[in-house]
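A.B. asks: File follows, query00.cif with mmCIF, C-alpha atoms:
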data_final
#
loop_
_atom_site.group_PDB
_atom_site.id
_atom_site.type_symbol
_atom_site.label_atom_id
_atom_site.label_comp_id
_atom_site.auth_asym_id
_atom_site.auth_seq_id
_atom_site.Cartn_x
_atom_site.Cartn_y
_atom_site.Cartn_z
ATOM 1 C CA MET Z 1395 -4.259 -1.289 -16.785
ATOM 2 C CA LYS Z 1396 -5.777 -1.475 -13.314
ATOM 3 C CA PHE Z 1397 -6.925 1.598 -11.432
ATOM 4 C CA GLY Z 1398 -6.717 2.181 -7.694
ATOM 5 C CA LEU Z 1399 -8.189 4.914 -5.524
ATOM 6 C CA ARG Z 1400 -5.915 6.516 -2.924
ATOM 7 C CA TYR Z 1401 -5.855 7.305 0.042
ATOM 8 C CA CYS Z 1402 -9.291 6.392 1.248
ATOM 9 C CA ASN Z 1403 -9.181 6.346 5.064
ATOM 10 C CA THR Z 1404 -8.801 10.137 5.159
ATOM 11 C CA ASN Z 1405 -10.926 13.292 5.193
ATOM 12 C CA GLN Z 1406 -14.693 12.648 5.200
ATOM 13 C CA TYR Z 1407 -14.102 8.941 4.562
ATOM 14 C CA VAL Z 1408 -13.077 8.379 8.153
ATOM 15 C CA GLU Z 1409 -16.843 8.296 8.819
ATOM 16 C CA PRO Z 1410 -18.332 4.766 8.533
ATOM 17 C CA ALA Z 1411 -21.213 5.576 6.170
ATOM 18 C CA LYS Z 1412 -19.075 7.674 3.843
ATOM 19 C CA ALA Z 1413 -16.349 5.006 3.797
ATOM 20 C CA VAL Z 1414 -18.874 2.440 2.609
ATOM 21 C CA GLU Z 1415 -20.339 4.832 0.034
ATOM 22 C CA LEU Z 1416 -16.879 5.508 -1.380
ATOM 23 C CA ALA Z 1417 -15.915 1.841 -1.543
ATOM 24 C CA GLN Z 1418 -19.167 0.759 -3.159
ATOM 25 C CA ALA Z 1419 -18.975 3.561 -5.729
ATOM 26 C CA ALA Z 1420 -15.383 2.587 -6.545
ATOM 27 C CA GLU Z 1421 -16.406 -1.040 -7.036
ATOM 28 C CA GLU Z 1422 -19.379 -0.119 -9.226
ATOM 29 C CA THR Z 1423 -17.264 2.202 -11.369
ATOM 30 C CA GLY Z 1424 -14.606 -0.389 -12.142
ATOM 31 C CA PHE Z 1425 -11.799 0.608 -9.811
ATOM 32 C CA GLU Z 1426 -9.778 -2.496 -9.038
ATOM 33 C CA SER Z 1427 -8.642 -1.405 -5.590
ATOM 34 C CA ILE Z 1428 -8.783 1.188 -2.831
ATOM 35 C CA TRP Z 1429 -5.777 2.111 -0.700
ATOM 36 C CA THR Z 1430 -5.246 3.352 2.841
ATOM 37 C CA ILE Z 1431 -2.560 5.259 4.694
ATOM 38 C CA ASP Z 1432 -1.040 4.147 7.998
ATOM 39 C CA HIS Z 1433 0.022 6.207 10.998
ATOM 40 C CA VAL Z 1434 -0.728 4.842 14.457
ATOM 41 C CA VAL Z 1435 0.067 8.183 16.068
ATOM 42 C CA VAL Z 1436 1.371 11.515 14.815
ATOM 43 C CA PRO Z 1437 3.276 13.479 17.459
ATOM 44 C CA ASP Z 1438 2.267 17.124 17.515
ATOM 45 C CA ASP Z 1439 5.827 18.378 17.157
ATOM 46 C CA TYR Z 1440 7.190 15.963 14.545
ATOM 47 C CA ALA Z 1441 10.059 17.281 12.438
ATOM 48 C CA PRO Z 1442 9.070 18.318 8.894
ATOM 49 C CA ASN Z 1443 10.608 15.290 7.187
ATOM 50 C CA TYR Z 1444 7.620 14.081 5.163
ATOM 51 C CA PRO Z 1445 9.216 13.336 1.778
ATOM 52 C CA TYR Z 1446 6.193 14.021 -0.440
ATOM 53 C CA SER Z 1447 5.426 17.690 0.205
ATOM 54 C CA GLU Z 1448 7.402 20.878 -0.123
ATOM 55 C CA ASP Z 1449 6.954 21.872 3.514
ATOM 56 C CA GLY Z 1450 7.656 18.389 4.912
ATOM 57 C CA ARG Z 1451 4.185 18.173 6.480
ATOM 58 C CA MET Z 1452 1.288 15.784 5.895
ATOM 59 C CA SER Z 1453 -2.369 16.695 5.372
ATOM 60 C CA SER Z 1454 -1.896 20.438 5.024
ATOM 61 C CA GLY Z 1455 0.309 20.462 8.083
ATOM 62 C CA SER Z 1456 -2.298 19.238 10.580
ATOM 63 C CA PRO Z 1457 -1.072 16.377 12.801
ATOM 64 C CA SER Z 1458 -4.494 16.101 14.455
ATOM 65 C CA ASN Z 1459 -6.359 14.877 11.362
ATOM 66 C CA ALA Z 1460 -8.171 11.571 11.875
ATOM 67 C CA ARG Z 1461 -6.296 8.587 10.465
ATOM 68 C CA PRO Z 1462 -8.235 5.377 11.190
ATOM 69 C CA ASP Z 1463 -6.260 2.169 11.519
ATOM 70 C CA ALA Z 1464 -5.669 0.904 7.985
ATOM 71 C CA ILE Z 1465 -6.442 -2.771 8.643
ATOM 72 C CA VAL Z 1466 -9.591 -2.086 10.659
ATOM 73 C CA TRP Z 1467 -10.872 0.416 8.069
ATOM 74 C CA MET Z 1468 -10.313 -2.077 5.244
ATOM 75 C CA THR Z 1469 -12.058 -4.812 7.220
ATOM 76 C CA TYR Z 1470 -15.101 -2.581 7.649
ATOM 77 C CA VAL Z 1471 -15.472 -1.774 3.955
ATOM 78 C CA ALA Z 1472 -14.621 -5.355 2.918
ATOM 79 C CA ALA Z 1473 -17.907 -6.459 4.467
ATOM 80 C CA ALA Z 1474 -19.767 -3.969 2.240
ATOM 81 C CA THR Z 1475 -18.065 -4.892 -1.051
ATOM 82 C CA LYS Z 1476 -17.572 -8.041 -3.107
ATOM 83 C CA THR Z 1477 -14.694 -7.717 -5.569
ATOM 84 C CA LEU Z 1478 -12.827 -4.525 -4.656
ATOM 85 C CA LYS Z 1479 -9.243 -5.183 -3.602
ATOM 86 C CA LEU Z 1480 -8.039 -3.610 -0.354
ATOM 87 C CA GLY Z 1481 -4.558 -2.107 -0.278
ATOM 88 C CA THR Z 1482 -2.312 -0.460 2.287
ATOM 89 C CA GLY Z 1483 -0.358 2.401 0.792
ATOM 90 C CA VAL Z 1484 1.657 1.876 2.868
ATOM 91 C CA LEU Z 1485 1.648 0.006 6.169
ATOM 92 C CA VAL Z 1486 4.658 1.118 8.229
ATOM 93 C CA LEU Z 1487 5.730 -2.457 8.796
ATOM 94 C CA PRO Z 1488 8.768 -2.184 11.106
ATOM 95 C CA GLN Z 1489 6.854 -0.343 13.829
ATOM 96 C CA ARG Z 1490 4.243 -3.117 14.185
ATOM 97 C CA GLN Z 1491 4.291 -6.391 16.104
ATOM 98 C CA LEU Z 1492 4.990 -8.729 13.213
ATOM 99 C CA VAL Z 1493 3.227 -11.962 14.150
ATOM 100 C CA THR Z 1494 0.024 -10.176 15.174
ATOM 101 C CA THR Z 1495 0.043 -8.121 11.976
ATOM 102 C CA ALA Z 1496 0.600 -11.209 9.817
ATOM 103 C CA LYS Z 1497 -2.362 -12.900 11.517
ATOM 104 C CA GLN Z 1498 -4.612 -9.858 10.984
ATOM 105 C CA ILE Z 1499 -3.709 -9.570 7.311
ATOM 106 C CA ALA Z 1500 -4.191 -13.297 6.686
ATOM 107 C CA THR Z 1501 -7.563 -13.249 8.446
ATOM 108 C CA LEU Z 1502 -8.811 -10.254 6.455
ATOM 109 C CA ASP Z 1503 -7.582 -11.808 3.221
ATOM 110 C CA GLN Z 1504 -9.248 -15.147 3.953
ATOM 111 C CA MET Z 1505 -12.559 -13.571 4.992
ATOM 112 C CA SER Z 1506 -12.627 -11.163 2.035
ATOM 113 C CA GLY Z 1507 -11.901 -13.885 -0.515
ATOM 114 C CA GLY Z 1508 -8.284 -13.000 -1.257
ATOM 115 C CA ARG Z 1509 -8.663 -9.250 -1.772
ATOM 116 C CA VAL Z 1510 -5.764 -7.836 0.273
ATOM 117 C CA LEU Z 1511 -2.786 -6.061 -1.310
ATOM 118 C CA LEU Z 1512 -0.187 -5.402 1.365
ATOM 119 C CA GLY Z 1513 1.818 -2.299 0.605
ATOM 120 C CA VAL Z 1514 4.638 -1.837 3.108
ATOM 121 C CA GLY Z 1515 7.261 0.802 3.818
ATOM 122 C CA VAL Z 1516 9.998 1.470 6.352
ATOM 123 C CA GLY Z 1517 8.588 4.765 7.657
ATOM 124 C CA TRP Z 1518 10.084 8.228 7.894
ATOM 125 C CA MET Z 1519 8.918 9.669 11.246
ATOM 126 C CA PRO Z 1520 11.277 8.858 14.152
ATOM 127 C CA GLU Z 1521 8.899 10.505 16.642
ATOM 128 C CA GLU Z 1522 6.182 7.969 15.790
ATOM 129 C CA PHE Z 1523 8.568 5.048 16.282
ATOM 130 C CA ARG Z 1524 9.631 6.524 19.619
ATOM 131 C CA ALA Z 1525 6.015 6.786 20.796
ATOM 132 C CA LEU Z 1526 5.501 3.115 19.902
ATOM 133 C CA GLY Z 1527 8.669 2.012 21.678
ATOM 134 C CA VAL Z 1528 10.327 0.751 18.491
ATOM 135 C CA PRO Z 1529 13.851 1.728 17.369
ATOM 136 C CA PHE Z 1530 13.932 3.903 14.252
ATOM 137 C CA GLU Z 1531 17.440 2.721 13.463
ATOM 138 C CA ARG Z 1532 17.900 -0.365 11.243
ATOM 139 C CA ARG Z 1533 14.245 -0.333 10.280
ATOM 140 C CA GLY Z 1534 15.206 -1.436 6.762
ATOM 141 C CA LYS Z 1535 16.764 -4.653 7.998
ATOM 142 C CA ARG Z 1536 13.808 -5.170 10.318
ATOM 143 C CA THR Z 1537 11.436 -4.764 7.367
ATOM 144 C CA ASP Z 1538 13.332 -7.357 5.316
ATOM 145 C CA GLU Z 1539 13.040 -9.890 8.122
ATOM 146 C CA TYR Z 1540 9.380 -9.089 8.690
ATOM 147 C CA ILE Z 1541 8.540 -9.731 5.029
ATOM 148 C CA GLU Z 1542 10.306 -13.093 5.107
ATOM 149 C CA ALA Z 1543 8.695 -14.051 8.417
ATOM 150 C CA MET Z 1544 5.197 -13.094 7.238
ATOM 151 C CA ARG Z 1545 5.490 -15.332 4.215
ATOM 152 C CA GLU Z 1546 6.699 -18.153 6.439
ATOM 153 C CA LEU Z 1547 3.668 -17.709 8.705
ATOM 154 C CA TRP Z 1548 1.306 -17.659 5.723
ATOM 155 C CA THR Z 1549 2.700 -20.650 3.826
ATOM 156 C CA ALA Z 1550 4.567 -23.129 6.045
ATOM 157 C CA GLU Z 1551 2.873 -26.092 7.689
ATOM 158 C CA LEU Z 1552 4.724 -25.374 10.953
ATOM 159 C CA PRO Z 1553 6.203 -21.909 10.533
ATOM 160 C CA THR Z 1554 9.730 -21.430 11.833
ATOM 161 C CA TYR Z 1555 11.883 -18.323 11.497
ATOM 162 C CA HIS Z 1556 14.943 -17.156 13.412
ATOM 163 C CA GLY Z 1557 16.199 -13.654 12.745
ATOM 164 C CA GLU Z 1558 17.635 -10.702 14.588
ATOM 165 C CA PHE Z 1559 14.270 -8.980 15.042
ATOM 166 C CA VAL Z 1560 11.708 -11.797 14.933
ATOM 167 C CA SER Z 1561 11.952 -15.428 15.966
ATOM 168 C CA PHE Z 1562 9.484 -18.293 16.300
ATOM 169 C CA GLU Z 1563 9.604 -22.048 15.859
ATOM 170 C CA GLY Z 1564 6.994 -24.685 15.157
ATOM 171 C CA VAL Z 1565 3.931 -22.452 15.532
ATOM 172 C CA HIS Z 1566 0.426 -22.746 14.095
ATOM 173 C CA CYS Z 1567 -0.889 -19.531 12.534
ATOM 174 C CA ARG Z 1568 -4.320 -19.926 10.979
ATOM 175 C CA SER Z 1569 -6.363 -18.695 9.103
ATOM 176 C CA ARG Z 1570 -4.246 -18.735 5.961
ATOM 177 C CA PRO Z 1571 -4.570 -16.228 3.105
ATOM 178 C CA ALA Z 1572 -7.261 -17.275 0.642
ATOM 179 C CA ASN Z 1573 -4.845 -17.803 -2.252
ATOM 180 C CA GLY Z 1574 -1.934 -19.122 -0.208
ATOM 181 C CA THR Z 1575 -0.223 -15.795 0.315
ATOM 182 C CA VAL Z 1576 -0.784 -12.025 0.089
ATOM 183 C CA PRO Z 1577 0.965 -9.861 -2.532
ATOM 184 C CA ILE Z 1578 3.512 -7.555 -0.887
ATOM 185 C CA ILE Z 1579 4.112 -4.238 -2.647
ATOM 186 C CA ILE Z 1580 7.113 -2.207 -1.548
ATOM 187 C CA GLY Z 1581 6.470 1.503 -1.210
ATOM 188 C CA GLY Z 1582 9.076 4.244 -1.223
ATOM 189 C CA HIS Z 1583 10.964 6.721 -3.366
ATOM 190 C CA SER Z 1584 14.519 5.623 -2.566
ATOM 191 C CA LYS Z 1585 17.043 3.299 -4.157
ATOM 192 C CA ALA Z 1586 16.839 1.139 -1.030
ATOM 193 C CA ALA Z 1587 13.099 0.705 -1.557
ATOM 194 C CA ALA Z 1588 13.600 -0.192 -5.223
ATOM 195 C CA LYS Z 1589 16.229 -2.780 -4.306
ATOM 196 C CA ARG Z 1590 13.952 -4.215 -1.611
ATOM 197 C CA ALA Z 1591 11.197 -4.564 -4.202
ATOM 198 C CA GLY Z 1592 13.582 -6.351 -6.535
ATOM 199 C CA ARG Z 1593 14.736 -8.769 -3.836
ATOM 200 C CA LEU Z 1594 11.536 -9.373 -1.908
ATOM 201 C CA GLY Z 1595 8.511 -7.608 -3.379
ATOM 202 C CA ASP Z 1596 5.622 -8.634 -5.573
ATOM 203 C CA GLY Z 1597 5.358 -4.998 -6.616
ATOM 204 C CA PHE Z 1598 6.869 -1.528 -6.300
ATOM 205 C CA PHE Z 1599 5.008 1.716 -5.602
ATOM 206 C CA PRO Z 1600 7.255 4.790 -5.638
ATOM 207 C CA ALA Z 1601 4.589 6.830 -3.837
ATOM 208 C CA ARG Z 1602 4.253 9.677 -6.306
ATOM 209 C CA GLU Z 1603 5.319 9.802 -9.967
ATOM 210 C CA PHE Z 1604 7.049 6.888 -11.687
ATOM 211 C CA VAL Z 1605 10.833 7.286 -11.734
ATOM 212 C CA HIS Z 1606 12.383 5.375 -14.605
ATOM 213 C CA GLU Z 1607 15.723 4.912 -12.879
ATOM 214 C CA LEU Z 1608 14.057 3.288 -9.878
ATOM 215 C CA GLY Z 1609 12.046 0.980 -12.115
ATOM 216 C CA ASP Z 1610 15.239 -0.091 -13.857
ATOM 217 C CA LEU Z 1611 16.866 -0.670 -10.459
ATOM 218 C CA VAL Z 1612 13.969 -2.919 -9.407
ATOM 219 C CA ARG Z 1613 14.457 -5.054 -12.505
ATOM 220 C CA ARG Z 1614 18.251 -5.257 -12.232
ATOM 221 C CA THR Z 1615 18.038 -6.220 -8.569
ATOM 222 C CA ALA Z 1616 15.451 -8.891 -9.350
ATOM 223 C CA GLU Z 1617 17.710 -10.375 -11.998
ATOM 224 C CA ASP Z 1618 20.673 -10.378 -9.619
ATOM 225 C CA ALA Z 1619 18.483 -12.206 -7.059
ATOM 226 C CA GLY Z 1620 17.473 -14.844 -9.608
ATOM 227 C CA ARG Z 1621 13.916 -13.560 -9.866
ATOM 228 C CA ASP Z 1622 11.814 -12.779 -12.927
ATOM 229 C CA PRO Z 1623 11.664 -8.961 -13.225
ATOM 230 C CA ALA Z 1624 8.372 -9.214 -15.097
ATOM 231 C CA SER Z 1625 6.761 -10.755 -12.023
ATOM 232 C CA ILE Z 1626 7.187 -7.524 -10.050
ATOM 233 C CA GLU Z 1627 4.295 -5.156 -10.614
ATOM 234 C CA ILE Z 1628 5.006 -1.448 -11.020
ATOM 235 C CA VAL Z 1629 2.422 0.948 -9.558
ATOM 236 C CA THR Z 1630 2.334 4.700 -10.071
ATOM 237 C CA ASN Z 1631 0.023 7.661 -9.701
ATOM 238 C CA MET Z 1632 -2.338 8.712 -12.458
ATOM 239 C CA PRO Z 1633 -0.542 11.255 -14.684
ATOM 240 C CA GLU Z 1634 -2.185 14.603 -15.265
ATOM 241 C CA ASP Z 1635 -2.096 14.021 -19.016
ATOM 242 C CA PRO Z 1636 -3.855 10.780 -20.051
ATOM 243 C CA ASP Z 1637 -1.604 10.637 -23.123
ATOM 244 C CA GLU Z 1638 1.224 9.709 -20.751
ATOM 245 C CA MET Z 1639 -0.514 6.485 -19.743
ATOM 246 C CA ALA Z 1640 0.410 4.434 -22.814
ATOM 247 C CA PRO Z 1641 4.160 5.149 -22.508
ATOM 248 C CA LEU Z 1642 4.009 4.241 -18.809
ATOM 249 C CA ALA Z 1643 2.212 0.996 -19.638
ATOM 250 C CA ALA Z 1644 4.925 0.214 -22.198
ATOM 251 C CA GLN Z 1645 7.482 0.576 -19.401
ATOM 252 C CA GLY Z 1646 5.708 -1.994 -17.258
ATOM 253 C CA VAL Z 1647 3.285 0.084 -15.162
ATOM 254 C CA THR Z 1648 0.146 -2.008 -14.573
ATOM 255 C CA ARG Z 1649 -1.762 -0.039 -11.916
ATOM 256 C CA MET Z 1650 -2.417 3.686 -11.634
ATOM 257 C CA MET Z 1651 -3.658 5.496 -8.552
ATOM 258 C CA VAL Z 1652 -6.322 8.207 -8.576
ATOM 259 C CA PRO Z 1653 -6.400 10.594 -5.576
ATOM 260 C CA VAL Z 1654 -9.398 11.221 -3.362
ATOM 261 C CA VAL Z 1655 -10.239 14.599 -1.857
ATOM 262 C CA GLY Z 1656 -7.443 16.361 -0.026
ATOM 263 C CA LEU Z 1657 -4.802 15.556 -2.634
ATOM 264 C CA ALA Z 1658 -4.138 17.077 -6.034
ATOM 265 C CA GLY Z 1659 -6.770 16.284 -8.656
ATOM 266 C CA VAL Z 1660 -6.055 14.977 -12.110
ATOM 267 C CA LYS Z 1661 -6.915 17.606 -14.727
ATOM 268 C CA ASP Z 1662 -9.305 19.224 -12.230
ATOM 269 C CA ARG Z 1663 -11.048 15.895 -11.674
ATOM 270 C CA GLY Z 1664 -10.328 15.342 -8.033
ATOM 271 C CA ILE Z 1665 -12.801 13.232 -6.082
ATOM 272 C CA ASP Z 1666 -15.026 15.004 -3.577
ATOM 273 C CA GLY Z 1667 -17.546 12.222 -3.068
ATOM 274 C CA PRO Z 1668 -18.938 8.959 -4.436
ATOM 275 C CA GLU Z 1669 -20.693 10.809 -7.266
ATOM 276 C CA ASP Z 1670 -17.285 11.966 -8.519
ATOM 277 C CA VAL Z 1671 -15.971 8.411 -8.395
ATOM 278 C CA LEU Z 1672 -18.668 7.360 -10.861
ATOM 279 C CA LYS Z 1673 -17.411 9.946 -13.362
ATOM 280 C CA TRP Z 1674 -14.227 7.907 -13.746
ATOM 281 C CA ARG Z 1675 -16.069 4.982 -15.365
ATOM 282 C CA GLU Z 1676 -15.434 6.180 -18.923
ATOM 283 C CA THR Z 1677 -11.731 6.806 -18.268
ATOM 284 C CA ILE Z 1678 -11.269 3.392 -16.670
ATOM 285 C CA GLU Z 1679 -13.047 1.617 -19.520
ATOM 286 C CA ARG Z 1680 -11.089 3.577 -22.143
ATOM 287 C CA TYR Z 1681 -7.662 2.705 -20.774
ATOM 288 C CA ALA Z 1682 -8.274 -0.725 -19.237
ATOM 289 C CA ASP Z 1683 -6.721 -2.530 -22.213
ATOM 290 C CA LEU Z 1684 -3.357 -0.748 -21.985
#
Hey, can you dump this file as structure tokens for me?
C.D. replies:
Amino acid sequence: MKFGLRYCNTNQYVEPAKAVELAQAAEETGFESIWTIDHVVVPDDYAPNYPYSEDGRMSSGSPSNARPDAIVWMTYVAAATKTLKLGTGVLVLPQRQLVTTAKQIATLDQMSGGRVLLGVGVGWMPEEFRALGVPFERRGKRTDEYIEAMRELWTAELPTYHGEFVSFEGVHCRSRPANGTVPIIIGGHSKAAAKRAGRLGDGFFPAREFVHELGDLVRRTAEDAGRDPASIEIVTNMPEDPDEMAPLAAQGVTRMMVPVVGLAGVKDRGIDGPEDVLKWRETIERYADL
């Protein structure tokens, strides 16, 4: 079992020194990865459609909370760490300029020694898309094309892709990812997200608790697409009861996420600073062999 720390570009960790302290403590403790959130802008009057809280609002309802750019934040802490993987949980892919984003991710991965885990999602906030001048409609189809086009840019000698939403032919796009490509983990809680993971993803992160039906849908879709279901990693959040970890591992979960401050703790063991990260060492060592 691998352990990730989420979501790290929030709260006090928006400050440079505290971001580095958190990342270095996570690396020292044995966390495999740290994960960021992604919102370019948050309109003040967005509709309460956030799917992971009862009131439909993020961050205790405050749209003005600082949310540093996920890629830039990860680049900063990459320079202060050596082995810690750097994940987006998740990058709202369809609202970004695809070719530029692919180049940024490949550059960070190459310069960090292959440490990027690219979690992507389709987004849920139409007001944010509107502010960025990107249509909210058909964002699922746009995301599918963007995933295919990114892999083409990362792997082909002369990348060429012609789709409805992105098109290029015979371009050079260097640097390349350190290991030839970057793992793409599909985030989301819907059947559409699970099917996308089965067709196109290297992993699936259903954002909160593991839902067995969605995991089964990932595997069935992978089989229908001629892919090996076992090659698709399943990520979930750390359960409140550690006894639930072994059954989750038996169902194919290979990474669990621990929340930082500002989100619910796990058995009153939420993380308020780097010193609290270090307290997780024993737990990580105990369950690493699951």
A.B. asks: Rank nothing, just name the residue among Z:Val1516, Z:His1606, Z:Ala1601, Z:Pro1462 nearest to Gln1406 in chain Z, using only C-alpha atoms.
C.D. replies: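 Smallest separation from Gln1406 in chain Z among the options: Z:Pro1462.
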A.B. asks: If you count only C-alpha atoms, which residues fall within 8 Å of Thr1482 in chain Z, apart from same-chain ones fewer than 3 positions away, as an MDAnalysis selection string?
C.D. replies: chainID Z and resid 1429:1432 1464:1465 1485 1511:1514
A.B. asks: Selection from above, C-alpha atoms, as a compact mmCIF listing (two decimals), in the frame of the given file, can you write it?
C.D. replies:
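Contents of selection-v1.txt, as written:
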# COMPACT_ATOMS: atom_id res chain seq x y z
CA TRP Z 1429 -5.78 2.11 -0.70
CA THR Z 1430 -5.25 3.35 2.84
CA ILE Z 1431 -2.56 5.26 4.69
CA ASP Z 1432 -1.04 4.15 8.00
CA ALA Z 1464 -5.67 0.90 7.98
CA ILE Z 1465 -6.44 -2.77 8.64
CA LEU Z 1485 1.65 0.01 6.17
CA LEU Z 1511 -2.79 -6.06 -1.31
CA LEU Z 1512 -0.19 -5.40 1.36
CA GLY Z 1513 1.82 -2.30 0.60
CA VAL Z 1514 4.64 -1.84 3.11
A.B. asks: Just how far from CA of Leu1478 in chain Z is CA of Gly1646 in chain Z, in Å to one decimal?
C.D. replies: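 Pair CA of Gly1646 in chain Z / CA of Leu1478 in chain Z returns 22.6 Å.
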A.B. asks: CA of Ala1616 in chain Z to CA of Asp1538 in chain Z: how many Å, to one decimal?
C.D. replies: 14.9 Å
A.B. asks: Please indicate the distance in Å from CA of Val1654 in chain Z to CA of Pro1577 in chain Z, rounded to one decimal place.
C.D. replies: 23.5 Å
A.B. asks: Which residue out of Z:His1566, Z:Met1505, Z:Met1395, Z:Ile1428 has the minimum interatomic distance to Pro1653 in chain Z when only C-alpha atoms are used?
C.D. replies: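 Looking at the shortest contact to Pro1653 in chain Z, the residue is Z:Ile1428.
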A.B. asks: Here's the selection I'm unsure about, the PyMOL selection byres ((chain Z and resi 1493-1504) around 9); applied to the file above, which residues does it give, as number ranges by chain?
C.D. replies: Z: 1465, 1468-1469, 1472, 1480, 1487, 1490-1492, 1505-1512, 1540, 1543-1545, 1547-1548, 1560, 1567-1573, 1575-1576
A.B. asks: Kindly resolve the PyMOL selection byres ((chain Z and resi 1623) around 12) on the present coordinates and return the residues as a CSV table (one decimal) with C-alpha atoms, keeping the file's coordinate frame.
C.D. replies:
chain,number,residue,atom,x,y,z
Z,1589,LYS,CA,16.2,-2.8,-4.3
Z,1591,ALA,CA,11.2,-4.6,-4.2
Z,1592,GLY,CA,13.6,-6.4,-6.5
Z,1593,ARG,CA,14.7,-8.8,-3.8
Z,1594,LEU,CA,11.5,-9.4,-1.9
Z,1595,GLY,CA,8.5,-7.6,-3.4
Z,1596,ASP,CA,5.6,-8.6,-5.6
Z,1597,GLY,CA,5.4,-5.0,-6.6
Z,1598,PHE,CA,6.9,-1.5,-6.3
Z,1609,GLY,CA,12.0,1.0,-12.1
Z,1610,ASP,CA,15.2,-0.1,-13.9
Z,1611,LEU,CA,16.9,-0.7,-10.5
Z,1612,VAL,CA,14.0,-2.9,-9.4
Z,1613,ARG,CA,14.5,-5.1,-12.5
Z,1614,ARG,CA,18.3,-5.3,-12.2
Z,1615,THR,CA,18.0,-6.2,-8.6
Z,1616,ALA,CA,15.5,-8.9,-9.4
Z,1617,GLU,CA,17.7,-10.4,-12.0
Z,1618,ASP,CA,20.7,-10.4,-9.6
Z,1619,ALA,CA,18.5,-12.2,-7.1
Z,1620,GLY,CA,17.5,-14.8,-9.6
Z,1621,ARG,CA,13.9,-13.6,-9.9
Z,1622,ASP,CA,11.8,-12.8,-12.9
Z,1624,ALA,CA,8.4,-9.2,-15.1
Z,1625,SER,CA,6.8,-10.8,-12.0
Z,1626,ILE,CA,7.2,-7.5,-10.0
Z,1627,GLU,CA,4.3,-5.2,-10.6
Z,1628,ILE,CA,5.0,-1.4,-11.0
Z,1646,GLY,CA,5.7,-2.0,-17.3
A.B. asks: Might you pull out every residue within 9 Å of range 1531-1536 of chain Z, with only C-alpha atoms counted and same-chain residues fewer than 5 positions away left off, and present them as a list in words?
C.D. replies: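 Close residues of range 1531-1536 of chain Z: Leu1487, Pro1488, Gln1489, Gly1515, Val1516, Gly1517, Pro1520, Ile1541, Glu1558, Phe1559, Val1560, Ala1586, Ala1587 and Arg1590 of chain Z.
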A.B. asks: Excluding range 1521-1525 of chain Z and its own-chain neighbours fewer than 3 positions away, which residues fall within 10 Å of it when counting all atoms listed in the file? Please give them as a list in words.
C.D. replies: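 Counting only the stated atoms, we get His1433, Val1434, Val1435, Val1436, Pro1437, Asp1438, Asp1439, Tyr1440, Ala1441, Val1486, Pro1488, Gln1489, Arg1490, Gly1517, Trp1518, Val1528, Pro1529, Phe1530, Glu1531 and Arg1533 of chain Z.
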A.B. asks: Apply the PyMOL selection byres ((chain Z and resi 1668) around 8) to the structure shown and report the selected residues as a ChimeraX atom specification.
C.D. replies: /Z:1415-1416,1419-1420,1665-1667,1669-1672
A.B. asks: Using only C-alpha atoms for the distances, tell me which of Z:Met1632, Z:Met1639, Z:Met1452, Z:Ile1580 is nearest to Met1651 in chain Z.
C.D. replies: Z:Met1632
A.B. asks: Could you check the closest approach to Val1629 in chain Z for each of Z:Thr1554, Z:Gln1418, Z:Thr1648, Z:Asn1443 and tell me which residue wins, using all atoms listed in the file?
C.D. replies: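 Closest to Val1629 in chain Z, using all atoms listed in the file: Z:Thr1648.
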